[in-house]
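Trainee: Dropping a structure here in structure tokens format, bear with me for questions.
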Amino acid sequence: MRRGRMGKRIAVIGAGMGGLCAAIKAREAGHEVTIYEHADSVGGTWRANRYPGVACDVPAILYQFSFAPNPHWSHHYARGPEIHAYTQSLVEQFGLGEVLHLNEGVVRAAWDEGARHWTVETEKGARATFDAIVPALGQLSRPQWPAIAGRETFAGTMFHAADWPEGIDLTGKRVGVIGSAASAVQLIPEVAKVAGHLTVFQRTPNWIVPRMDVAITPEAKALMATRMDVAMKLGAAQRAMIFDQADFLTWQAFQWTPEGRAAFTRTALDHLAAQVPDPDLRAKLTPDYPVGCKRILICDDFYPALCRDNVTLVTGGVDMIEPGGVRTPDGLIELDVMIFATGFETTEWNWSMEVAGNGGRTLRQAWADGPEAYLGIMVAGFPNMFVLYGPNTNLGHNSISFMIEQQVAYMLRTLDALEAEGASAADVTAEAQARFQQRIEQLLAGTVWADPQCNSWYKAANGRIYQNWAGNCTEYAAATASVDRAAVALT
């Protein structure tokens, strides 16, 4: 590892995709890195989510780092276990094992204004000081349980999709799945294959477009291996083509151009009509809100699963849960197993650690009225803290791995600026953060997410959108390409 003249001591908190990227690139730049991870393995959400059918809805060639292409994907869209294996391979490929602390999450990080460093305390009681911290805790890590009366009384087996039990056997069982969004459309087709009967409780239908996934055969991989130079060239061209299509065409479904909404509405409706011949079922599955308002799902086998004889779609609502099953307005639906595919807590931003910045003010206090971060990375009053996958950096149209690479590059530019000017602390000004937030909210107001009909995990109860970036990835890359010295104070 090349070490710079003034390499910083950096604590990376979380070993998902973001944390691994930060560690790899920071070490390459000559910094001293320590990675803290609460779990027993790297991978973040791809370690945690083990439900059948789990996969990424971004093409694999985009959902990888530009500096670490993977020739081993089995399909155009990678399966969850493969992505977990990819994150594990990064540890080996880049020698991260020597700086990785598994089973040791961070419980507190505090900035010392006099010493100009962060003190990090871990679950094991260890304390260490660092010049900078990189919280890489993600937005999708805390399972969301719906407030349904009587849930605790259910006498059968009950679990959240994000906490899938090891070795659970659903063969022949009466299974209920509450939820019909991103994780549900992946696990429902798999559960339907083995369940005696599957009941799907849908509150709101989703816009779904075809996936058209294809397997990458061993023979195709072997052929590519005969000319790796050509394979790499073709891979780069394919990656660029898919990126541009997503960034400039798919983005318009959310930017809410007439062309974007018309094209994606037509694609989704045609997909529904082609896969669901029953008009009554098709009506239940047709959304009454604008396309793109909620996450657009990409799936080929969800609709066919609902057409199976052993599957029933319930849309009339849930009154309560009883020991024997789910009570609806039409009566009791008896169940042996209940699966909650109800997503994650997103807009609360309750991190698993306490962060205290200037004057002892905590991040929870700073974000009491909602999370804000300049470029989604820096928070005023918290010097040398660089958040990955922070507020207003989520996407609906492209790959978060690209966004993470831009955020890490921005962090490294900021650390370079500290060294160049002989400074020790970088902090975005409150004024710059406020201007950035105002501009983001102005842009978001023109997107489909702001539509009054739209209620989604992107939007908080107060109507503000804290999750999503307000443009495409190309615009984010431009916004993070340099450190604006009028916005970021170096002292």
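Just remember, in the structure tokens the first chain shown is A, the second B, etc., residues are 1-based per chain, and ligands are 1-based in the order shown.
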Write down as a count of residues only the residues of segment 141-340 of chain A whose backbone DSSP state falls under strand (DSSP E).
Mentor: 37
Trainee: Which residues come within 8 Å of Thr315 of chain A, counting only C-alpha atoms, excluding same-chain residues fewer than 3 positions away, as number ranges by chain?
Mentor: A: 201-204, 284
Trainee: Produce a file of the selected residues containing C-alpha atoms, as a PDB file, in the first residue's frame.
Mentor:
ATOM      1  CA  PHE A 201     -52.089  -9.509   1.460  1.00  0.00           C
ATOM      2  CA  GLN A 202     -51.686  -6.462  -0.780  1.00  0.00           C
ATOM      3  CA  ARG A 203     -52.357  -2.955   0.480  1.00  0.00           C
ATOM      4  CA  THR A 204     -51.260  -1.099  -2.658  1.00  0.00           C
ATOM      5  CA  LYS A 284     -56.547  -5.503  -8.415  1.00  0.00           C
TER       6      LYS A 284
END
Trainee: Could you pull the residues within 10 Å of Glu104 of chain A, counting only C-alpha atoms, minus those fewer than 5 positions along the same chain, as a compact mmCIF listing (two decimals) with all heavy atoms, in the first residue's frame?
Mentor:
# COMPACT_ATOMS: atom_id res chain seq x y z
N ILE A 13 -17.11 2.87 9.35
CA ILE A 13 -18.08 2.24 10.24
C ILE A 13 -19.16 1.57 9.39
O ILE A 13 -20.02 2.23 8.82
CB ILE A 13 -18.69 3.27 11.20
CG1 ILE A 13 -17.55 3.97 11.98
CG2 ILE A 13 -19.66 2.61 12.16
CD1 ILE A 13 -17.95 5.25 12.65
N GLY A 14 -19.05 0.27 9.27
CA GLY A 14 -19.94 -0.51 8.42
C GLY A 14 -19.17 -1.11 7.26
O GLY A 14 -18.38 -0.42 6.61
N ILE A 35 -11.72 -0.72 9.79
CA ILE A 35 -13.13 -0.96 9.46
C ILE A 35 -13.80 -1.65 10.66
O ILE A 35 -13.30 -2.68 11.14
CB ILE A 35 -13.29 -1.87 8.23
CG1 ILE A 35 -12.43 -1.39 7.06
CG2 ILE A 35 -14.76 -1.94 7.80
CD1 ILE A 35 -12.36 -2.40 5.92
N TYR A 36 -14.91 -1.09 11.12
CA TYR A 36 -15.68 -1.69 12.20
C TYR A 36 -17.02 -2.20 11.64
O TYR A 36 -17.73 -1.46 10.96
CB TYR A 36 -15.95 -0.67 13.31
CG TYR A 36 -14.71 -0.21 14.04
CD1 TYR A 36 -14.14 1.04 13.76
CD2 TYR A 36 -14.11 -1.01 15.01
CE1 TYR A 36 -13.01 1.47 14.44
CE2 TYR A 36 -12.98 -0.59 15.69
CZ TYR A 36 -12.42 0.65 15.41
OH TYR A 36 -11.31 1.08 16.07
N GLU A 37 -17.34 -3.43 11.95
CA GLU A 37 -18.57 -4.04 11.47
C GLU A 37 -19.25 -4.83 12.60
O GLU A 37 -18.63 -5.69 13.23
CB GLU A 37 -18.29 -4.97 10.29
CG GLU A 37 -19.44 -5.87 9.87
CD GLU A 37 -20.72 -5.11 9.52
OE1 GLU A 37 -20.65 -4.16 8.71
OE2 GLU A 37 -21.78 -5.46 10.09
N HIS A 38 -20.51 -4.50 12.84
CA HIS A 38 -21.27 -5.15 13.92
C HIS A 38 -21.48 -6.64 13.66
O HIS A 38 -21.45 -7.46 14.59
CB HIS A 38 -22.61 -4.45 14.07
CG HIS A 38 -23.59 -5.18 14.95
ND1 HIS A 38 -23.49 -5.19 16.32
CD2 HIS A 38 -24.68 -5.94 14.63
CE1 HIS A 38 -24.48 -5.91 16.82
NE2 HIS A 38 -25.21 -6.38 15.83
N ALA A 39 -21.68 -7.02 12.41
CA ALA A 39 -22.03 -8.41 12.08
C ALA A 39 -20.77 -9.29 11.97
O ALA A 39 -19.65 -8.82 12.09
CB ALA A 39 -22.82 -8.44 10.78
N ASP A 40 -21.01 -10.55 11.67
CA ASP A 40 -19.91 -11.51 11.58
C ASP A 40 -19.37 -11.67 10.17
O ASP A 40 -18.52 -12.51 9.91
CB ASP A 40 -20.34 -12.87 12.12
CG ASP A 40 -21.52 -13.47 11.35
OD1 ASP A 40 -21.99 -12.84 10.38
OD2 ASP A 40 -21.98 -14.55 11.73
N GLU A 121 -15.77 4.60 20.15
CA GLU A 121 -15.95 3.56 21.16
C GLU A 121 -16.74 2.40 20.52
O GLU A 121 -17.75 2.63 19.85
CB GLU A 121 -16.71 4.09 22.36
CG GLU A 121 -16.05 5.27 23.05
CD GLU A 121 -16.92 5.86 24.16
OE1 GLU A 121 -17.78 5.11 24.68
OE2 GLU A 121 -16.73 7.04 24.48
N THR A 122 -16.28 1.18 20.74
CA THR A 122 -16.91 0.03 20.11
C THR A 122 -17.72 -0.79 21.10
O THR A 122 -17.67 -0.59 22.31
CB THR A 122 -15.86 -0.88 19.46
OG1 THR A 122 -15.19 -1.65 20.47
CG2 THR A 122 -14.84 -0.07 18.67
N GLU A 123 -18.46 -1.76 20.57
CA GLU A 123 -19.27 -2.65 21.39
C GLU A 123 -18.42 -3.47 22.36
O GLU A 123 -18.92 -3.91 23.41
CB GLU A 123 -20.04 -3.61 20.48
CG GLU A 123 -21.08 -2.94 19.61
CD GLU A 123 -21.62 -3.87 18.54
OE1 GLU A 123 -20.83 -4.68 18.00
OE2 GLU A 123 -22.82 -3.78 18.25
N LYS A 124 -17.17 -3.67 22.02
CA LYS A 124 -16.29 -4.45 22.88
C LYS A 124 -15.59 -3.60 23.95
O LYS A 124 -14.76 -4.10 24.69
CB LYS A 124 -15.25 -5.17 22.03
CG LYS A 124 -15.83 -6.26 21.14
CD LYS A 124 -14.75 -7.01 20.38
CE LYS A 124 -15.34 -8.16 19.57
NZ LYS A 124 -14.30 -8.92 18.85
N GLY A 125 -15.94 -2.31 23.99
CA GLY A 125 -15.35 -1.43 24.97
C GLY A 125 -14.03 -0.82 24.56
O GLY A 125 -13.40 -0.08 25.34
N ALA A 126 -13.60 -1.07 23.32
CA ALA A 126 -12.35 -0.49 22.84
C ALA A 126 -12.55 0.98 22.50
O ALA A 126 -13.65 1.41 22.10
CB ALA A 126 -11.85 -1.25 21.61
Trainee: Mind checking DSSP for segment 78-304 of chain A and telling me the helix (DSSP H, G or I) residues as a PyMOL selection string?
Mentor: chain A and resi 80-93+96-99+151-153+161-163+182-194+218-225+228-250+252-255+258-275+279-284+302-304
Trainee: Determine the nearest neighbour of Tyr303 of chain A from the options A:Met320, A:Gly343, A:Pro189, A:Val448, counting only C-alpha atoms.
Mentor: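 Distance minimum relative to Tyr303 of chain A lands on A:Pro189.
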Trainee: Counting only C-alpha atoms, which of A:Val200, A:Leu223, A:Met158, A:Val42 gets nearest to Thr312 of chain A?
Mentor: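 Going through A:Val200, A:Leu223, A:Met158, A:Val42 one by one, the smallest distance to Thr312 of chain A is for A:Val200.
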Trainee: At what distance in Å, to one decimal, does atom CA of Pro290 of chain A lie from atom CA of Asp451 of chain A?
Mentor: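 Separation between atom CA of Asp451 of chain A and atom CA of Pro290 of chain A: 8.2 Å.
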Trainee: Given only C-alpha atoms as the basis, pick out the residue of A:Val488, A:Ala85, A:Ala283, A:Val191 nearest to Leu418 of chain A.
Mentor: A:Val488
Trainee: So which one's closest to Asn310 of chain A, A:Leu395, A:Ile188, A:Val214, A:Val230? Using only C-alpha atoms, please.
Mentor: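 Residue with the minimum atom-to-atom distance to Asn310 of chain A: A:Ile188.
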Trainee: So that I can see what lies close to segment 375-383 of chain A, please list as a CSV table (one decimal) with N, CA and C atoms, in the first residue's frame the residues with an atom at most 8 Å from it, counting only C-alpha atoms and leaving out residues fewer than 6 positions away in the same chain.
Mentor:
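Output saved as part.csv:
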chain,number,residue,atom,x,y,z
A,111,TRP,N,-16.4,14.0,18.5
A,111,TRP,CA,-15.3,14.9,18.0
A,111,TRP,C,-14.7,15.8,19.1
A,132,ALA,N,-10.6,11.1,10.9
A,132,ALA,CA,-11.9,11.2,10.2
A,132,ALA,C,-12.7,9.9,10.4
A,356,ALA,N,-21.4,12.6,18.2
A,356,ALA,CA,-21.4,13.9,18.9
A,356,ALA,C,-20.3,14.8,18.2
A,357,GLY,N,-20.8,15.9,17.7
A,357,GLY,CA,-19.9,16.8,17.0
A,357,GLY,C,-19.4,18.0,17.8
A,358,ASN,N,-19.3,19.2,17.2
A,358,ASN,CA,-18.9,20.4,17.9
A,358,ASN,C,-19.8,20.7,19.0
A,389,TYR,N,-24.0,7.0,1.3
A,389,TYR,CA,-25.4,6.7,1.2
A,389,TYR,C,-26.2,7.4,2.2
A,390,GLY,N,-25.9,8.7,2.3
A,390,GLY,CA,-26.5,9.6,3.2
A,390,GLY,C,-27.8,10.2,2.7
A,391,PRO,N,-28.4,11.2,3.4
A,391,PRO,CA,-29.6,11.8,3.0
A,391,PRO,C,-29.6,12.3,1.5
A,392,ASN,N,-30.7,12.1,0.8
A,392,ASN,CA,-30.8,12.6,-0.6
A,392,ASN,C,-29.7,12.0,-1.5
A,393,THR,N,-29.4,10.8,-1.3
A,393,THR,CA,-28.4,10.2,-2.3
A,393,THR,C,-29.0,8.8,-2.8
A,407,GLN,N,-18.9,9.6,-3.9
A,407,GLN,CA,-18.9,10.1,-2.5
A,407,GLN,C,-17.5,9.8,-1.9
A,425,ALA,N,-9.0,20.1,9.9
A,425,ALA,CA,-10.5,19.9,10.0
A,425,ALA,C,-11.2,20.5,8.8
A,426,ALA,N,-12.1,19.7,8.2
A,426,ALA,CA,-13.0,20.2,7.2
A,426,ALA,C,-14.4,20.1,7.6
A,427,ASP,N,-15.1,21.2,7.5
A,427,ASP,CA,-16.5,21.3,8.0
A,427,ASP,C,-17.3,22.1,7.0
A,428,VAL,N,-18.4,21.6,6.5
A,428,VAL,CA,-19.3,22.4,5.6
A,428,VAL,C,-19.9,23.5,6.5
A,429,THR,N,-20.1,24.6,5.9
A,429,THR,CA,-20.7,25.7,6.7
A,429,THR,C,-22.2,25.5,6.7
A,430,ALA,N,-22.8,26.0,7.8
A,430,ALA,CA,-24.3,25.8,7.9
A,430,ALA,C,-25.0,26.5,6.8
A,433,GLN,N,-24.8,24.3,3.6
A,433,GLN,CA,-25.7,23.2,3.8
A,433,GLN,C,-27.1,23.6,3.6
A,436,PHE,N,-27.8,24.2,-0.1
A,436,PHE,CA,-27.9,22.9,-0.8
A,436,PHE,C,-29.2,22.3,-0.6
A,479,ALA,N,-21.5,17.4,-9.4
A,479,ALA,CA,-21.7,18.2,-8.1
A,479,ALA,C,-20.6,17.8,-7.1
A,480,THR,N,-20.0,16.6,-7.2
A,480,THR,CA,-19.0,16.2,-6.2
A,480,THR,C,-17.6,16.2,-6.9
Trainee: Find the distance between atom CA of Glu32 of chain A and atom CA of Met403 of chain A and write it in Å to one decimal.
Mentor: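 Result for atom CA of Glu32 of chain A versus atom CA of Met403 of chain A: 23.2 Å, one decimal.
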Trainee: Counting only C-alpha atoms, figure out which residue out of A:Ser482, A:Asn398, A:Thr153, A:Asn350 gets nearest to Thr414 of chain A.
Mentor: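 Of all the options, A:Ser482 lies closest to Thr414 of chain A.
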Trainee: Which one is closest to Thr328 of chain A: A:Val175, A:Ile148, A:Val91, A:Leu412? Count only C-alpha atoms.
Mentor: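 With only C-alpha atoms as the atom set, the closest residue is A:Ile148.
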